[in-house]
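Asks: Got a structure here, written out as structure tokens. Questions coming.
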Amino acid sequence: MQERLVIEAPAKINLTLNVLGKRNDGYHELETVMQQISLKDRITLCPGGEGIKVQSSSTAIPGDEANLAWQAARLMFEEFSIAAGLQIHIEKNIPVGAGLAGGSTDAAAVMKGIDRLWGLHLSPERMSALGLKLGSDVPFCLVGGTALARGRGEILTALPEGPRLEMVLVKPDFQLSTAEIYQNFRLGQVKSVPDNQAFLEAWRRCDIMALAAQMKNVLESVSIPRCPEVAVIKHKLEECGALASLMSGSGPSVVGLFGSREEARQAWEIMKDQYEESYLVSSYGRGD
Ligand code: C5P
């Protein structure tokens, strides 16, 4: 048994997000393009000791059973009858409660780490089914890259390598509850819907202007009336030259897409003076 394993856990953004309707199980039927980005947590797993323990560089996340990384370890141990101790350390770089799947990516990393450390060799399908028990974004975080996601977010179609996206990510100084945003979603209040088919065609052609035109998130119809700051950030990013700006997931993080790394860097220089949690990021492929 290896003494310790370090795994990177990249954040996720949504390049498009459409809600098709509410399901009988209370979840919403989605059609969304998910993208891993270069902003990432670092998870260290050390087998041994008593029980499952979580430590983090951040005080913003729980160090107990409430942490999705802890739940991921318990799920794997129960499912595969592993009676062992595990120390989990989370170097937290992804903002919390931000719509960036920070908890889900940590959970996915723990699952991958346990699979490796205990030589389980689980199939991608099995990992995905287990991951979905922890959260709707976990199946995507297990595979990464860029994917069109349907269902709760777990029915994934991987997209081919596309253009490298240079972006600025801004997290305002408040958090939003995913459950609350979805609960208050009303189809009738949506003004602008992404055309995912047009996005996919633009993606294949690496046509950055055409894909920017489809970068829309219908959940903004819920979050912006509650938190007008989201609209303010979108506007500021556009003033800095963003080709598109949209909220990620259920927010409140906002992403601005730029034509080049240099343009993104210039925008980041401006935004970081106004918002402490501003990041210069790029899209992350499955091979990265
Ligand atoms: O799956 P997860 O625990 O991340 O979802 C958090 C909450 O977001 C759910 O309880 C649900 O209210 C909402 N949600 C939804 N439809 C989805 C994903 C999440 O309504 N497809």
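Residue numbering restarts at 1 for every chain of the structure tokens, chains are lettered A, B, ... in their displayed order, and ligands are numbered from 1 as they appear.
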Which residues come within 8 Å of Phe199 (chain A), counting only C-alpha atoms, excluding same-chain residues fewer than 6 positions away, as a list in words?
Replies: Ala210, Leu211, Gln214 and Met215 of chain A
Asks: Mind checking which residues fall within 9 Å of Ala60 (chain A), counting only C-alpha atoms, ignoring those fewer than 4 positions away in the same chain, and posting them as a VMD selection string?
Replies: chain A and resid 56 95 to 96
Asks: What do you get as a PDB file with C-alpha atoms, in the first residue's frame if you pick all residues at most 12 Å from ligand 1, counting only C-alpha atoms and all ligand atoms?
Replies:
ATOM      1  CA  LEU A  17     -26.853  25.915 -18.936  1.00  0.00           C
ATOM      2  CA  ASN A  18     -30.438  25.221 -19.910  1.00  0.00           C
ATOM      3  CA  VAL A  19     -33.156  23.805 -17.671  1.00  0.00           C
ATOM      4  CA  LEU A  20     -35.700  21.758 -19.627  1.00  0.00           C
ATOM      5  CA  GLY A  21     -38.146  21.209 -16.762  1.00  0.00           C
ATOM      6  CA  LYS A  22     -38.750  19.848 -13.274  1.00  0.00           C
ATOM      7  CA  ARG A  23     -38.698  16.088 -12.747  1.00  0.00           C
ATOM      8  CA  ASN A  24     -40.840  13.911 -10.512  1.00  0.00           C
ATOM      9  CA  ASP A  25     -37.857  13.223  -8.228  1.00  0.00           C
ATOM     10  CA  GLY A  26     -37.538  16.968  -7.457  1.00  0.00           C
ATOM     11  CA  TYR A  27     -34.412  17.487  -9.571  1.00  0.00           C
ATOM     12  CA  HIS A  28     -34.379  19.509 -12.782  1.00  0.00           C
ATOM     13  CA  GLU A  29     -33.723  18.120 -16.236  1.00  0.00           C
ATOM     14  CA  LEU A  30     -30.636  19.879 -17.575  1.00  0.00           C
ATOM     15  CA  GLU A  31     -28.843  20.382 -20.862  1.00  0.00           C
ATOM     16  CA  THR A  32     -25.523  22.018 -20.117  1.00  0.00           C
ATOM     17  CA  LEU A  68     -18.440  15.688   0.540  1.00  0.00           C
ATOM     18  CA  GLY A  97     -20.521  27.945  -2.505  1.00  0.00           C
ATOM     19  CA  GLY A  99     -21.178  27.244  -8.551  1.00  0.00           C
ATOM     20  CA  LEU A 100     -17.773  25.749  -9.358  1.00  0.00           C
ATOM     21  CA  ALA A 101     -18.368  22.165  -8.117  1.00  0.00           C
ATOM     22  CA  GLY A 102     -15.625  22.597  -5.504  1.00  0.00           C
ATOM     23  CA  GLY A 103     -17.081  19.976  -3.139  1.00  0.00           C
ATOM     24  CA  SER A 104     -17.942  17.603  -5.991  1.00  0.00           C
ATOM     25  CA  THR A 105     -14.444  17.688  -7.498  1.00  0.00           C
ATOM     26  CA  ALA A 107     -15.277  14.002  -3.704  1.00  0.00           C
ATOM     27  CA  GLY A 131     -20.517   9.471  -7.674  1.00  0.00           C
ATOM     28  CA  LEU A 132     -24.112  10.429  -8.493  1.00  0.00           C
ATOM     29  CA  LYS A 133     -25.124   9.318  -4.974  1.00  0.00           C
ATOM     30  CA  LEU A 134     -22.922  12.148  -3.677  1.00  0.00           C
ATOM     31  CA  GLY A 135     -24.046  14.905  -6.049  1.00  0.00           C
ATOM     32  CA  SER A 136     -25.153  15.730  -9.593  1.00  0.00           C
ATOM     33  CA  ASP A 137     -21.766  17.203 -10.611  1.00  0.00           C
ATOM     34  CA  VAL A 138     -19.608  14.325  -9.336  1.00  0.00           C
ATOM     35  CA  PRO A 139     -19.932  12.125 -12.486  1.00  0.00           C
ATOM     36  CA  PHE A 140     -18.598  14.994 -14.629  1.00  0.00           C
ATOM     37  CA  CYS A 141     -15.775  15.700 -12.172  1.00  0.00           C
ATOM     38  CA  ALA A 149     -24.448  16.887 -19.717  1.00  0.00           C
ATOM     39  CA  ARG A 150     -28.096  15.876 -19.600  1.00  0.00           C
ATOM     40  CA  GLY A 151     -30.419  14.408 -16.970  1.00  0.00           C
ATOM     41  CA  ARG A 152     -29.388  15.643 -13.523  1.00  0.00           C
ATOM     42  CA  GLY A 153     -25.997  16.329 -15.080  1.00  0.00           C
ATOM     43  CA  GLU A 154     -24.799  12.710 -15.113  1.00  0.00           C
ATOM     44  CA  ILE A 155     -25.636  11.691 -18.705  1.00  0.00           C
ATOM     45  CA  LEU A 176     -25.694  31.021  -3.099  1.00  0.00           C
ATOM     46  CA  SER A 177     -27.526  27.815  -2.210  1.00  0.00           C
ATOM     47  CA  THR A 178     -27.879  25.530  -5.236  1.00  0.00           C
ATOM     48  CA  ALA A 179     -31.092  24.020  -3.862  1.00  0.00           C
ATOM     49  CA  GLU A 180     -32.643  27.454  -3.323  1.00  0.00           C
ATOM     50  CA  ILE A 181     -31.746  28.682  -6.814  1.00  0.00           C
ATOM     51  CA  TYR A 182     -33.303  25.592  -8.440  1.00  0.00           C
ATOM     52  CA  GLN A 183     -36.364  25.738  -6.168  1.00  0.00           C
ATOM     53  CA  ASN A 184     -37.122  29.260  -7.370  1.00  0.00           C
ATOM     54  CA  PHE A 185     -36.525  28.586 -11.052  1.00  0.00           C
ATOM     55  CA  ARG A 186     -39.547  29.405 -13.268  1.00  0.00           C
ATOM     56  CA  LEU A 219     -30.343  30.215 -13.760  1.00  0.00           C
ATOM     57  CA  GLY A 249     -23.848  26.744 -12.389  1.00  0.00           C
ATOM     58  CA  SER A 250     -26.143  28.101  -9.690  1.00  0.00           C
ATOM     59  CA  GLY A 251     -23.707  30.950  -9.044  1.00  0.00           C
TER      60      GLY A 251
END
Asks: I'd like to know which residues of region 88-208 of chain A are strand (DSSP E) (by DSSP, run on the backbone); could you write them as a ChimeraX atom specification?
Replies: /A:88-91,146-151,155-158,166-170
Asks: Choose the residue, out of A:Ser245, A:Val54, A:Val254, A:Ser221, that has the smallest atom-to-atom separation from Ala66 (chain A); count only C-alpha atoms.
Replies: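 Smallest distance to Ala66 (chain A) is found for A:Val54.
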Asks: Using only C-alpha atoms for the distances, tell me which of A:Ala69, A:Met111, A:Ala242, A:Val170 is nearest to Gly259 (chain A).
Replies: A:Ala242
Asks: Which residues, written as number ranges by chain, have at least one atom at most 8 Å from Arg164 (chain A), with only C-alpha atoms counted and residues fewer than 3 positions away on the same chain left out?
Replies: A: 282-284
Asks: Just the alpha helix (DSSP H) stuff from region 62-253 of chain A, please, per backbone DSSP, written as a PyMOL selection string.
Replies: chain A and resi 68-79+102-117+124-134+138-143+178-183+196-205+208-212+220-226+229-239
Asks: Taking only C-alpha atoms into account, which of A:Glu269, A:Glu79, A:Asp173, A:Glu166 comes nearest Ala212 (chain A)?
Replies: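 Distance minimum relative to Ala212 (chain A) lands on A:Glu166.
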Asks: If you count only C-alpha atoms, which residues fall within 7 Å of Pro10 (chain A), apart from same-chain ones fewer than 5 positions away, as a PyMOL selection string?
Replies: chain A and resi 36-41+105
Asks: Please, could you write that set of residues out with N, CA, C and O atoms as an mmCIF file, in the first residue's frame?
Replies:
data_model
loop_
_atom_site.group_PDB
_atom_site.id
_atom_site.type_symbol
_atom_site.label_atom_id
_atom_site.label_comp_id
_atom_site.auth_asym_id
_atom_site.auth_seq_id
_atom_site.Cartn_x
_atom_site.Cartn_y
_atom_site.Cartn_z
ATOM 1 N N GLN A 36 -13.952 21.711 -17.404
ATOM 2 C CA GLN A 36 -12.988 21.812 -16.306
ATOM 3 C C GLN A 36 -12.027 22.956 -16.575
ATOM 4 O O GLN A 36 -11.675 23.223 -17.726
ATOM 5 N N ILE A 37 -11.597 23.629 -15.503
ATOM 6 C CA ILE A 37 -10.680 24.769 -15.671
ATOM 7 C C ILE A 37 -9.425 24.582 -14.808
ATOM 8 O O ILE A 37 -9.370 23.697 -13.944
ATOM 9 N N SER A 38 -8.475 25.463 -15.053
ATOM 10 C CA SER A 38 -7.150 25.298 -14.446
ATOM 11 C C SER A 38 -7.099 25.643 -12.953
ATOM 12 O O SER A 38 -6.086 25.402 -12.302
ATOM 13 N N LEU A 39 -8.172 26.213 -12.411
ATOM 14 C CA LEU A 39 -8.226 26.479 -10.967
ATOM 15 C C LEU A 39 -8.530 25.150 -10.264
ATOM 16 O O LEU A 39 -9.516 24.493 -10.591
ATOM 17 N N LYS A 40 -7.684 24.748 -9.309
ATOM 18 C CA LYS A 40 -7.896 23.408 -8.742
ATOM 19 C C LYS A 40 -7.496 23.295 -7.278
ATOM 20 O O LYS A 40 -6.588 23.997 -6.811
ATOM 21 N N ASP A 41 -8.175 22.369 -6.589
ATOM 22 C CA ASP A 41 -7.781 21.959 -5.245
ATOM 23 C C ASP A 41 -6.732 20.857 -5.379
ATOM 24 O O ASP A 41 -6.570 20.260 -6.458
ATOM 25 N N THR A 105 -15.735 18.082 -6.910
ATOM 26 C CA THR A 105 -14.444 17.688 -7.498
ATOM 27 C C THR A 105 -13.538 17.071 -6.426
ATOM 28 O O THR A 105 -12.793 16.129 -6.697
#
Asks: Please measure the separation of CA of His121 (chain A) and CA of Ile90 (chain A), giving the value in Å to one decimal.
Replies: 23.7 Å
Asks: For Gln55 (chain A), which residue among A:Tyr279, A:Ile270, A:Glu262, A:Asn67 is the nearest when counting only C-alpha atoms?
Replies: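 Between A:Tyr279, A:Ile270, A:Glu262, A:Asn67, the residue approaching Gln55 (chain A) most closely is A:Asn67.
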Asks: Which one is closest to Asn14 (chain A): A:Gly48, A:Gln35, A:Leu148, A:Asn196? Count only C-alpha atoms.
Replies: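 Nearest candidate to Asn14 (chain A) out of A:Gly48, A:Gln35, A:Leu148, A:Asn196: A:Gln35.
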Asks: Just checking: using only C-alpha atoms, which residue out of A:Cys227, A:Ala11, A:Leu120, A:Ala244 ends up closest to Lys92 (chain A)?
Replies: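 Smallest distance to Lys92 (chain A) is found for A:Ala11.
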Asks: Give me the residues near region 3-7 of chain A as a PyMOL selection string, where near means some atom within 7 Å (using only C-alpha atoms) and where sequence neighbours in that chain fewer than 6 positions away do not count.
Replies: chain A and resi 42-47+109+113
